[in-house]
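K.L.:
Coordinates in entry_18.txt, compact mmCIF, C-alpha atoms, are listed below.
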# COMPACT_ATOMS: atom_id res chain seq x y z
CA MET A 1 -67.41 19.47 92.59
CA THR A 2 -66.76 20.66 89.05
CA ASP A 3 -69.77 22.52 87.65
CA SER A 4 -70.54 20.85 84.31
CA SER A 5 -73.12 23.55 83.55
CA LEU A 6 -70.49 26.31 83.28
CA ALA A 7 -70.35 27.83 79.81
CA LEU A 8 -66.66 27.96 78.99
CA PRO A 9 -65.17 30.16 76.25
CA GLU A 10 -63.39 28.72 73.24
CA LYS A 11 -60.01 27.24 74.10
CA LEU A 12 -56.75 29.08 73.55
CA ASP A 13 -53.68 27.28 72.25
CA VAL A 14 -51.18 29.60 73.93
CA ILE A 15 -51.43 32.11 76.79
CA ALA A 16 -48.59 34.54 77.54
CA VAL A 17 -48.51 36.02 81.04
CA GLY A 18 -46.95 39.37 81.95
CA ALA A 19 -46.76 41.41 85.13
CA HIS A 20 -47.83 44.59 83.32
CA PRO A 21 -49.28 45.62 79.95
CA ASP A 22 -46.34 45.78 77.47
CA ASP A 23 -44.23 43.03 79.12
CA VAL A 24 -45.46 40.40 76.69
CA GLU A 25 -45.19 42.65 73.62
CA VAL A 26 -41.59 43.59 74.39
CA ALA A 27 -40.48 39.99 74.99
CA VAL A 28 -42.60 37.71 72.78
CA GLY A 29 -44.86 39.94 70.71
CA GLY A 30 -43.37 38.50 67.53
CA THR A 31 -43.97 34.93 68.69
CA LEU A 32 -47.64 35.64 69.42
CA ALA A 33 -48.14 37.41 66.09
CA THR A 34 -46.52 34.48 64.28
CA LEU A 35 -48.71 31.95 66.09
CA ALA A 36 -51.85 33.95 65.30
CA ARG A 37 -50.86 34.09 61.63
CA GLN A 38 -50.35 30.32 61.66
CA GLY A 39 -53.93 29.85 62.81
CA TYR A 40 -53.46 29.30 66.52
CA ARG A 41 -55.63 30.97 69.15
CA VAL A 42 -53.48 33.06 71.46
CA GLY A 43 -54.15 35.11 74.56
CA ILE A 44 -52.42 37.50 76.95
CA ILE A 45 -53.01 37.78 80.68
CA ASP A 46 -51.63 40.87 82.43
CA LEU A 47 -51.50 40.33 86.18
CA THR A 48 -51.84 44.08 86.84
CA ASP A 49 -52.96 47.15 84.91
CA GLY A 50 -49.49 48.69 85.32
CA GLU A 51 -50.80 51.72 87.20
CA PRO A 52 -49.66 54.04 88.62
CA THR A 53 -46.89 54.84 86.16
CA PRO A 54 -45.22 58.21 85.45
CA GLY A 55 -46.26 58.74 81.82
CA SER A 56 -49.86 57.56 81.93
CA SER A 57 -53.04 59.42 82.82
CA GLY A 58 -54.44 56.32 84.51
CA PRO A 59 -55.71 52.75 84.07
CA ALA A 60 -58.10 53.64 81.23
CA GLU A 61 -55.22 54.84 79.05
CA ARG A 62 -53.09 51.78 79.76
CA LEU A 63 -55.98 49.40 79.06
CA ASP A 64 -56.71 51.16 75.77
CA GLU A 65 -53.05 50.85 74.76
CA ALA A 66 -53.12 47.15 75.68
CA ARG A 67 -56.24 46.64 73.57
CA LYS A 68 -54.62 48.32 70.55
CA ALA A 69 -51.43 46.28 70.96
CA ALA A 70 -53.40 43.03 71.12
CA GLU A 71 -55.28 43.93 67.94
CA ILE A 72 -52.02 44.60 66.12
CA LEU A 73 -50.61 41.21 67.11
CA GLY A 74 -53.83 39.35 66.28
CA VAL A 75 -54.33 38.22 69.89
CA HIS A 76 -57.75 36.65 70.42
CA VAL A 77 -58.23 37.28 74.15
CA ARG A 78 -56.62 39.77 76.55
CA ILE A 79 -57.38 39.70 80.27
CA THR A 80 -56.22 42.08 82.99
CA LEU A 81 -56.36 40.73 86.54
CA ASP A 82 -56.90 43.12 89.43
CA LEU A 83 -53.63 42.38 91.24
CA PRO A 84 -51.71 45.47 92.44
CA ASN A 85 -48.90 47.01 90.40
CA ARG A 86 -45.72 47.77 92.42
CA ARG A 87 -47.09 45.56 95.20
CA LEU A 88 -47.34 42.32 93.27
CA PHE A 89 -46.38 39.34 95.41
CA ASP A 90 -46.55 35.61 94.94
CA SER A 91 -49.52 34.75 97.14
CA PHE A 92 -52.10 32.00 97.30
CA GLU A 93 -54.77 34.41 96.10
CA ALA A 94 -52.71 35.50 93.08
CA ARG A 95 -51.95 31.91 92.14
CA VAL A 96 -55.62 30.93 92.27
CA ALA A 97 -56.71 34.00 90.27
CA LEU A 98 -54.37 33.07 87.41
CA ALA A 99 -55.06 29.34 87.64
CA LYS A 100 -58.78 30.09 87.22
CA GLU A 101 -58.01 31.69 83.86
CA PHE A 102 -55.96 28.67 82.80
CA ARG A 103 -58.87 26.41 83.74
CA ARG A 104 -61.29 28.67 81.90
CA TYR A 105 -59.29 29.00 78.65
CA ARG A 106 -57.49 25.60 78.74
CA PRO A 107 -54.24 26.54 76.94
CA ARG A 108 -51.86 23.91 75.63
CA ILE A 109 -48.83 26.15 76.23
CA VAL A 110 -48.20 28.92 78.77
CA LEU A 111 -45.43 31.50 78.33
CA GLY A 112 -44.17 33.21 81.48
CA ILE A 113 -41.37 35.56 82.55
CA ALA A 114 -38.04 33.76 82.91
CA ASP A 115 -36.26 35.38 85.84
CA LYS A 116 -35.47 38.50 87.82
CA THR A 117 -34.91 41.77 85.97
CA PRO A 118 -32.20 43.63 87.93
CA LEU A 119 -32.75 47.41 88.18
CA ALA A 120 -36.27 46.95 86.77
CA SER A 121 -39.58 46.11 88.43
CA PRO A 122 -39.49 43.35 91.09
CA ASP A 123 -43.04 42.53 89.92
CA HIS A 124 -41.45 40.53 87.10
CA TRP A 125 -39.88 38.01 89.46
CA GLN A 126 -43.12 37.68 91.42
CA ALA A 127 -44.99 37.13 88.15
CA MET A 128 -42.71 34.22 87.27
CA GLN A 129 -43.46 32.50 90.56
CA ILE A 130 -47.19 33.16 90.29
CA THR A 131 -47.28 31.76 86.75
CA ASP A 132 -45.31 28.64 87.58
CA ALA A 133 -47.56 27.93 90.57
CA ALA A 134 -50.76 28.62 88.62
CA VAL A 135 -49.79 26.08 85.96
CA PHE A 136 -49.47 23.53 88.78
CA TYR A 137 -52.69 24.61 90.52
CA SER A 138 -54.62 24.37 87.26
CA ARG A 139 -54.26 20.60 87.15
CA LEU A 140 -54.91 19.78 90.81
CA THR A 141 -57.97 17.66 91.55
CA LYS A 142 -60.05 17.57 94.75
CA TRP A 143 -59.83 21.35 95.13
CA ASP A 144 -62.96 22.47 93.33
CA GLY A 145 -64.06 24.91 96.01
CA GLU A 146 -61.07 27.17 95.36
CA PHE A 147 -61.78 27.38 91.61
CA ALA A 148 -65.47 28.28 91.40
CA GLY A 149 -66.33 24.93 89.85
CA LEU A 150 -64.01 25.40 86.87
CA PRO A 151 -62.77 22.07 85.44
CA VAL A 152 -59.27 20.78 86.03
CA HIS A 153 -56.90 21.53 83.16
CA THR A 154 -53.36 20.29 82.53
CA VAL A 155 -51.10 22.69 80.67
CA HIS A 156 -49.00 20.63 78.25
CA GLN A 157 -45.92 22.87 78.31
CA LEU A 158 -44.63 25.85 80.29
CA LEU A 159 -42.03 28.00 78.52
CA TRP A 160 -40.23 31.03 79.92
CA TYR A 161 -39.29 34.23 78.11
CA PRO A 162 -36.47 36.57 79.18
CA LEU A 163 -37.70 40.11 79.79
CA GLY A 164 -35.10 42.81 79.44
CA PHE A 165 -33.38 45.01 76.89
CA HIS A 166 -29.90 43.76 77.68
CA GLN A 167 -30.22 40.05 76.90
CA GLN A 168 -28.47 40.26 73.57
CA THR A 169 -27.52 36.62 73.08
CA PRO A 170 -29.28 33.32 73.73
CA THR A 171 -28.72 31.87 77.19
CA THR A 172 -26.99 28.53 77.67
CA ALA A 173 -29.80 27.07 79.80
CA ALA A 174 -31.10 23.63 78.87
CA GLY A 175 -34.03 23.92 76.53
CA THR A 176 -33.21 27.38 75.17
CA MET A 177 -34.58 28.02 71.71
CA VAL A 178 -34.95 30.96 69.34
CA VAL A 179 -38.32 31.43 67.64
CA ASP A 180 -38.22 32.72 64.06
CA ILE A 181 -40.25 35.96 64.01
CA SER A 182 -38.89 37.21 60.69
CA GLY A 183 -42.38 37.80 59.31
CA SER A 184 -43.71 39.41 62.50
CA LEU A 185 -41.01 41.84 63.61
CA GLU A 186 -42.84 44.88 62.26
CA LYS A 187 -46.01 43.89 64.11
CA LYS A 188 -44.03 43.42 67.30
CA LEU A 189 -42.55 46.92 67.01
CA ALA A 190 -45.97 48.40 66.16
CA ALA A 191 -47.49 46.71 69.21
CA VAL A 192 -44.80 48.18 71.47
CA ALA A 193 -45.39 51.59 69.87
CA ALA A 194 -49.07 51.33 70.85
CA TYR A 195 -47.92 52.08 74.40
CA GLU A 196 -47.43 55.77 73.79
CA SER A 197 -47.53 56.55 77.50
CA GLN A 198 -44.63 54.18 78.18
CA PHE A 199 -42.52 54.60 75.06
CA PRO A 200 -42.95 58.18 73.77
CA SER A 201 -40.85 59.53 70.90
CA GLN A 202 -38.06 60.65 73.23
CA LYS A 203 -37.53 56.99 74.10
CA ARG A 204 -36.79 56.04 70.50
CA ARG A 205 -33.72 54.15 71.69
CA VAL A 206 -36.04 51.55 73.26
CA TYR A 207 -37.44 50.62 69.84
CA ASP A 208 -33.93 50.45 68.43
CA MET A 209 -32.83 48.13 71.24
CA ILE A 210 -35.82 45.83 70.76
CA GLU A 211 -35.29 45.65 67.00
CA HIS A 212 -31.53 45.17 67.22
CA GLN A 213 -31.92 42.44 69.82
CA ALA A 214 -34.45 40.57 67.66
CA ARG A 215 -32.24 40.86 64.58
CA LEU A 216 -29.14 39.73 66.46
CA LEU A 217 -30.94 36.69 67.88
CA GLY A 218 -32.35 35.79 64.49
CA GLN A 219 -29.21 36.27 62.46
CA ALA A 220 -27.19 34.29 65.01
CA SER A 221 -29.66 31.46 64.39
CA GLY A 222 -29.88 31.70 60.61
CA PHE A 223 -32.90 33.90 59.98
CA ALA A 224 -33.83 37.60 60.03
CA ALA A 225 -35.25 38.07 63.54
CA GLY A 226 -35.92 35.99 66.64
CA GLU A 227 -37.10 35.82 70.23
CA ILE A 228 -35.87 33.56 73.04
CA LEU A 229 -37.97 30.92 74.77
CA ILE A 230 -36.67 28.58 77.46
CA SER A 231 -38.07 25.15 78.32
CA PRO A 232 -37.61 23.84 81.88
CA ARG A 233 -36.78 20.53 80.24
CA PRO A 234 -34.32 19.78 77.44
CA VAL A 235 -35.85 20.18 73.98
CA VAL A 236 -36.30 16.85 72.16
CA VAL A 237 -35.41 16.35 68.51
CA LYS A 238 -37.27 13.41 67.01
CA ASN A 239 -35.49 13.26 63.64
CA LEU A 240 -31.94 14.58 63.79
CA VAL A 241 -31.39 14.78 60.03
CA GLU A 242 -34.67 16.52 59.25
CA ALA A 243 -34.33 18.86 62.22
CA PHE A 244 -30.98 20.22 61.07
CA THR A 245 -31.08 19.98 57.29
CA SER A 246 -34.57 20.95 56.10
CA PRO A 247 -35.65 24.59 56.46
CA ASP A 248 -39.27 23.59 55.84
CA LEU A 249 -39.56 21.26 58.81
CA PRO A 250 -39.75 22.08 62.53
CA ARG A 251 -36.47 21.97 64.39
CA THR A 252 -37.94 20.50 67.60
CA ASN A 253 -41.08 18.85 68.82
CA LEU A 254 -41.94 22.14 70.57
CA ASP A 255 -41.98 24.18 67.38
CA PRO A 256 -45.59 25.44 67.07
CA THR A 257 -45.52 24.77 63.30
CA SER A 258 -45.08 21.04 63.93
CA GLN A 259 -48.80 20.36 64.08
CA ALA A 260 -51.98 21.90 62.73
CA PRO A 261 -54.26 23.90 65.04
CA GLY A 262 -56.67 21.71 66.92
CA PRO A 263 -58.33 21.08 70.27
What is this structure when it is put down as structure tokens?

P.N.:
Amino acid sequence: MTDSSLALPEKLDVIAVGAHPDDVEVAVGGTLATLARQGYRVGIIDLTDGEPTPGSSGPAERLDEARKAAEILGVHVRITLDLPNRRLFDSFEARVALAKEFRRYRPRIVLGIADKTPLASPDHWQAMQITDAAVFYSRLTKWDGEFAGLPVHTVHQLLWYPLGFHQQTPTTAAGTMVVDISGSLEKKLAAVAAYESQFPSQKRRVYDMIEHQARLLGQASGFAAGEILISPRPVVVKNLVEAFTSPDLPRTNLDPTSQAPGP
């Protein structure tokens, strides 16, 4: 049975899940920084510590970089699970480990990796499947023994983020949207730069690609910089005129500015 005596931490509004430290910063760092600035409580869960990796001295260095990046973005909670880098697979144990964190922090929205990343780590594809399953497991009743007594929690919305330097234009998938990160682009780039072991000065082109991609996405959508999010369901517009004619109103009912922070 659910243990009502468990002391749960304060809720998070949004949790972004990555396979490794730096995945979230590269893809949706601007979105998280924007949400934090708007008053929402945001968190990051890295499924692995990203080690071993060629440029790092070990897990302690990567975790310190992840901590610095989270501080730059204004992230409230960062958690690193003990799943294995390079050997990450969608398993029952991995699903439960992540679902426990969703039950513990009770997010309204979860952001997860959108798809495979050809020629890059296969961990990314496994992370997508683990995240999707954990969102489902989080809300299942009559399974208390698997979740250490943590209460059932239903995630209101799952959104996917493309992870890759070569996705230069928005996809045509149903529910694709571009988040305005015009005021957070510099924080996004600074958070990526916090990973000195992964993106040293000789990889300056990586920063240029991230910035150019964000600016292209934003300018194609009518603002300075953007990031892609994809809903598994079509995005609903409640007021067609307001959605497309007023720059001060949210464009969809999934825009995080459409309601004030709350429980």

K.L.:
Met177 of chain A: which residues within 7 Å, counting all atoms listed in the file, same-chain residues fewer than 3 positions away excluded, as a compact mmCIF listing (two decimals) with C-alpha atoms, in the frame of the given file?

P.N.:
# COMPACT_ATOMS: atom_id res chain seq x y z
CA ILE A 228 -35.87 33.56 73.04
CA LEU A 229 -37.97 30.92 74.77
CA ILE A 230 -36.67 28.58 77.46

K.L.:
Tell me, as an NGL selection string, which residues lie within 9 Å of Val155 of chain A, counting all atoms listed in the file; anything in the same chain fewer than 3 positions away does not count.

P.N.:
:A and (102 or 106-110 or 135-136 or 138-139 or 158)

K.L.:
My list of candidates is A:Ala66, A:Val26, A:Gly18, A:Phe147. Which is closest to Val206 of chain A when distances are computed with only C-alpha atoms?

P.N.:
A:Val26

K.L.:
Neighbouring residues of Ile15 of chain A were defined as those with any atom within 12 Å, considering all atoms listed in the file; residues of the same chain fewer than 3 positions away were excluded. Please report them as number ranges by chain.

P.N.:
A: 11-12, 18, 24, 28-29, 31-32, 35-36, 40-46, 75-79, 98-99, 101-112, 131, 135, 155-160

K.L.:
Output C-alpha atoms for every residue in that selection, as a PDB file, in the coordinates of the input.

P.N.:
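Dumped to again.pdb:
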ATOM      1  CA  LYS A  11     -60.010  27.240  74.100  1.00  0.00           C
ATOM      2  CA  LEU A  12     -56.750  29.080  73.550  1.00  0.00           C
ATOM      3  CA  GLY A  18     -46.950  39.370  81.950  1.00  0.00           C
ATOM      4  CA  VAL A  24     -45.460  40.400  76.690  1.00  0.00           C
ATOM      5  CA  VAL A  28     -42.600  37.710  72.780  1.00  0.00           C
ATOM      6  CA  GLY A  29     -44.860  39.940  70.710  1.00  0.00           C
ATOM      7  CA  THR A  31     -43.970  34.930  68.690  1.00  0.00           C
ATOM      8  CA  LEU A  32     -47.640  35.640  69.420  1.00  0.00           C
ATOM      9  CA  LEU A  35     -48.710  31.950  66.090  1.00  0.00           C
ATOM     10  CA  ALA A  36     -51.850  33.950  65.300  1.00  0.00           C
ATOM     11  CA  TYR A  40     -53.460  29.300  66.520  1.00  0.00           C
ATOM     12  CA  ARG A  41     -55.630  30.970  69.150  1.00  0.00           C
ATOM     13  CA  VAL A  42     -53.480  33.060  71.460  1.00  0.00           C
ATOM     14  CA  GLY A  43     -54.150  35.110  74.560  1.00  0.00           C
ATOM     15  CA  ILE A  44     -52.420  37.500  76.950  1.00  0.00           C
ATOM     16  CA  ILE A  45     -53.010  37.780  80.680  1.00  0.00           C
ATOM     17  CA  ASP A  46     -51.630  40.870  82.430  1.00  0.00           C
ATOM     18  CA  VAL A  75     -54.330  38.220  69.890  1.00  0.00           C
ATOM     19  CA  HIS A  76     -57.750  36.650  70.420  1.00  0.00           C
ATOM     20  CA  VAL A  77     -58.230  37.280  74.150  1.00  0.00           C
ATOM     21  CA  ARG A  78     -56.620  39.770  76.550  1.00  0.00           C
ATOM     22  CA  ILE A  79     -57.380  39.700  80.270  1.00  0.00           C
ATOM     23  CA  LEU A  98     -54.370  33.070  87.410  1.00  0.00           C
ATOM     24  CA  ALA A  99     -55.060  29.340  87.640  1.00  0.00           C
ATOM     25  CA  GLU A 101     -58.010  31.690  83.860  1.00  0.00           C
ATOM     26  CA  PHE A 102     -55.960  28.670  82.800  1.00  0.00           C
ATOM     27  CA  ARG A 103     -58.870  26.410  83.740  1.00  0.00           C
ATOM     28  CA  ARG A 104     -61.290  28.670  81.900  1.00  0.00           C
ATOM     29  CA  TYR A 105     -59.290  29.000  78.650  1.00  0.00           C
ATOM     30  CA  ARG A 106     -57.490  25.600  78.740  1.00  0.00           C
ATOM     31  CA  PRO A 107     -54.240  26.540  76.940  1.00  0.00           C
ATOM     32  CA  ARG A 108     -51.860  23.910  75.630  1.00  0.00           C
ATOM     33  CA  ILE A 109     -48.830  26.150  76.230  1.00  0.00           C
ATOM     34  CA  VAL A 110     -48.200  28.920  78.770  1.00  0.00           C
ATOM     35  CA  LEU A 111     -45.430  31.500  78.330  1.00  0.00           C
ATOM     36  CA  GLY A 112     -44.170  33.210  81.480  1.00  0.00           C
ATOM     37  CA  THR A 131     -47.280  31.760  86.750  1.00  0.00           C
ATOM     38  CA  VAL A 135     -49.790  26.080  85.960  1.00  0.00           C
ATOM     39  CA  VAL A 155     -51.100  22.690  80.670  1.00  0.00           C
ATOM     40  CA  HIS A 156     -49.000  20.630  78.250  1.00  0.00           C
ATOM     41  CA  GLN A 157     -45.920  22.870  78.310  1.00  0.00           C
ATOM     42  CA  LEU A 158     -44.630  25.850  80.290  1.00  0.00           C
ATOM     43  CA  LEU A 159     -42.030  28.000  78.520  1.00  0.00           C
ATOM     44  CA  TRP A 160     -40.230  31.030  79.920  1.00  0.00           C
TER      45      TRP A 160
END

K.L.:
Considering only C-alpha atoms, state which residue in the set A:Lys100, A:Arg67, A:His20, A:Arg62 is at the smallest distance from Leu8 of chain A.

P.N.:
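Of the candidates, the smallest distance to Leu8 of chain A is held by A:Lys100.
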
K.L.:
For the atom pair atom CA of Gly74 of chain A and atom CA of Ala33 of chain A, what is the interatomic distance in Å to one decimal place?

P.N.:
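Taking atom CA of Gly74 of chain A and atom CA of Ala33 of chain A, their separation equals 6.0 Å.
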
K.L.:
For a quick check of understanding, using all atoms listed in the file, which of A:Glu71, A:Asp49, A:Glu211, A:Asp180 has the smallest distance to Glu227 of chain A?

P.N.:
A:Asp180

K.L.:
Keeping just N, CA and C atoms, export segment 10-23 of chain A of this structure as a PDB file, in the first residue's frame.

P.N.:
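Printed below is result.pdb as written:
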ATOM      1  N   GLU A  10       9.175  19.050  -2.333  1.00  0.00           N
ATOM      2  CA  GLU A  10       8.274  19.962  -3.030  1.00  0.00           C
ATOM      3  C   GLU A  10       8.124  19.532  -4.481  1.00  0.00           C
ATOM      4  N   LYS A  11       6.930  19.697  -5.009  1.00  0.00           N
ATOM      5  CA  LYS A  11       6.652  19.289  -6.383  1.00  0.00           C
ATOM      6  C   LYS A  11       7.478  20.092  -7.389  1.00  0.00           C
ATOM      7  N   LEU A  12       7.721  19.464  -8.530  1.00  0.00           N
ATOM      8  CA  LEU A  12       8.299  20.148  -9.684  1.00  0.00           C
ATOM      9  C   LEU A  12       7.218  20.305 -10.748  1.00  0.00           C
ATOM     10  N   ASP A  13       7.230  21.411 -11.454  1.00  0.00           N
ATOM     11  CA  ASP A  13       6.287  21.592 -12.561  1.00  0.00           C
ATOM     12  C   ASP A  13       6.712  20.820 -13.797  1.00  0.00           C
ATOM     13  N   VAL A  14       8.008  20.823 -14.069  1.00  0.00           N
ATOM     14  CA  VAL A  14       8.535  20.191 -15.291  1.00  0.00           C
ATOM     15  C   VAL A  14       9.802  19.423 -14.937  1.00  0.00           C
ATOM     16  N   ILE A  15       9.926  18.210 -15.466  1.00  0.00           N
ATOM     17  CA  ILE A  15      11.164  17.437 -15.377  1.00  0.00           C
ATOM     18  C   ILE A  15      11.611  17.097 -16.794  1.00  0.00           C
ATOM     19  N   ALA A  16      12.868  17.387 -17.109  1.00  0.00           N
ATOM     20  CA  ALA A  16      13.471  16.995 -18.379  1.00  0.00           C
ATOM     21  C   ALA A  16      14.405  15.819 -18.129  1.00  0.00           C
ATOM     22  N   VAL A  17      14.298  14.783 -18.952  1.00  0.00           N
ATOM     23  CA  VAL A  17      15.086  13.569 -18.785  1.00  0.00           C
ATOM     24  C   VAL A  17      16.091  13.444 -19.928  1.00  0.00           C
ATOM     25  N   GLY A  18      17.344  13.165 -19.574  1.00  0.00           N
ATOM     26  CA  GLY A  18      18.384  12.919 -20.572  1.00  0.00           C
ATOM     27  C   GLY A  18      19.095  11.616 -20.285  1.00  0.00           C
ATOM     28  N   ALA A  19      19.746  11.066 -21.304  1.00  0.00           N
ATOM     29  CA  ALA A  19      20.529   9.852 -21.102  1.00  0.00           C
ATOM     30  C   ALA A  19      21.806  10.165 -20.344  1.00  0.00           C
ATOM     31  N   HIS A  20      22.414  11.325 -20.647  1.00  0.00           N
ATOM     32  CA  HIS A  20      23.690  11.715 -20.058  1.00  0.00           C
ATOM     33  C   HIS A  20      23.642  13.184 -19.633  1.00  0.00           C
ATOM     34  N   PRO A  21      24.491  13.582 -18.672  1.00  0.00           N
ATOM     35  CA  PRO A  21      24.655  15.009 -18.412  1.00  0.00           C
ATOM     36  C   PRO A  21      25.071  15.721 -19.697  1.00  0.00           C
ATOM     37  N   ASP A  22      24.438  16.794 -20.012  1.00  0.00           N
ATOM     38  CA  ASP A  22      24.573  17.703 -21.165  1.00  0.00           C
ATOM     39  C   ASP A  22      23.521  17.479 -22.240  1.00  0.00           C
ATOM     40  N   ASP A  23      22.833  16.314 -22.260  1.00  0.00           N
ATOM     41  CA  ASP A  23      21.779  16.088 -23.259  1.00  0.00           C
ATOM     42  C   ASP A  23      20.694  17.160 -23.144  1.00  0.00           C
TER      43      ASP A  23
END
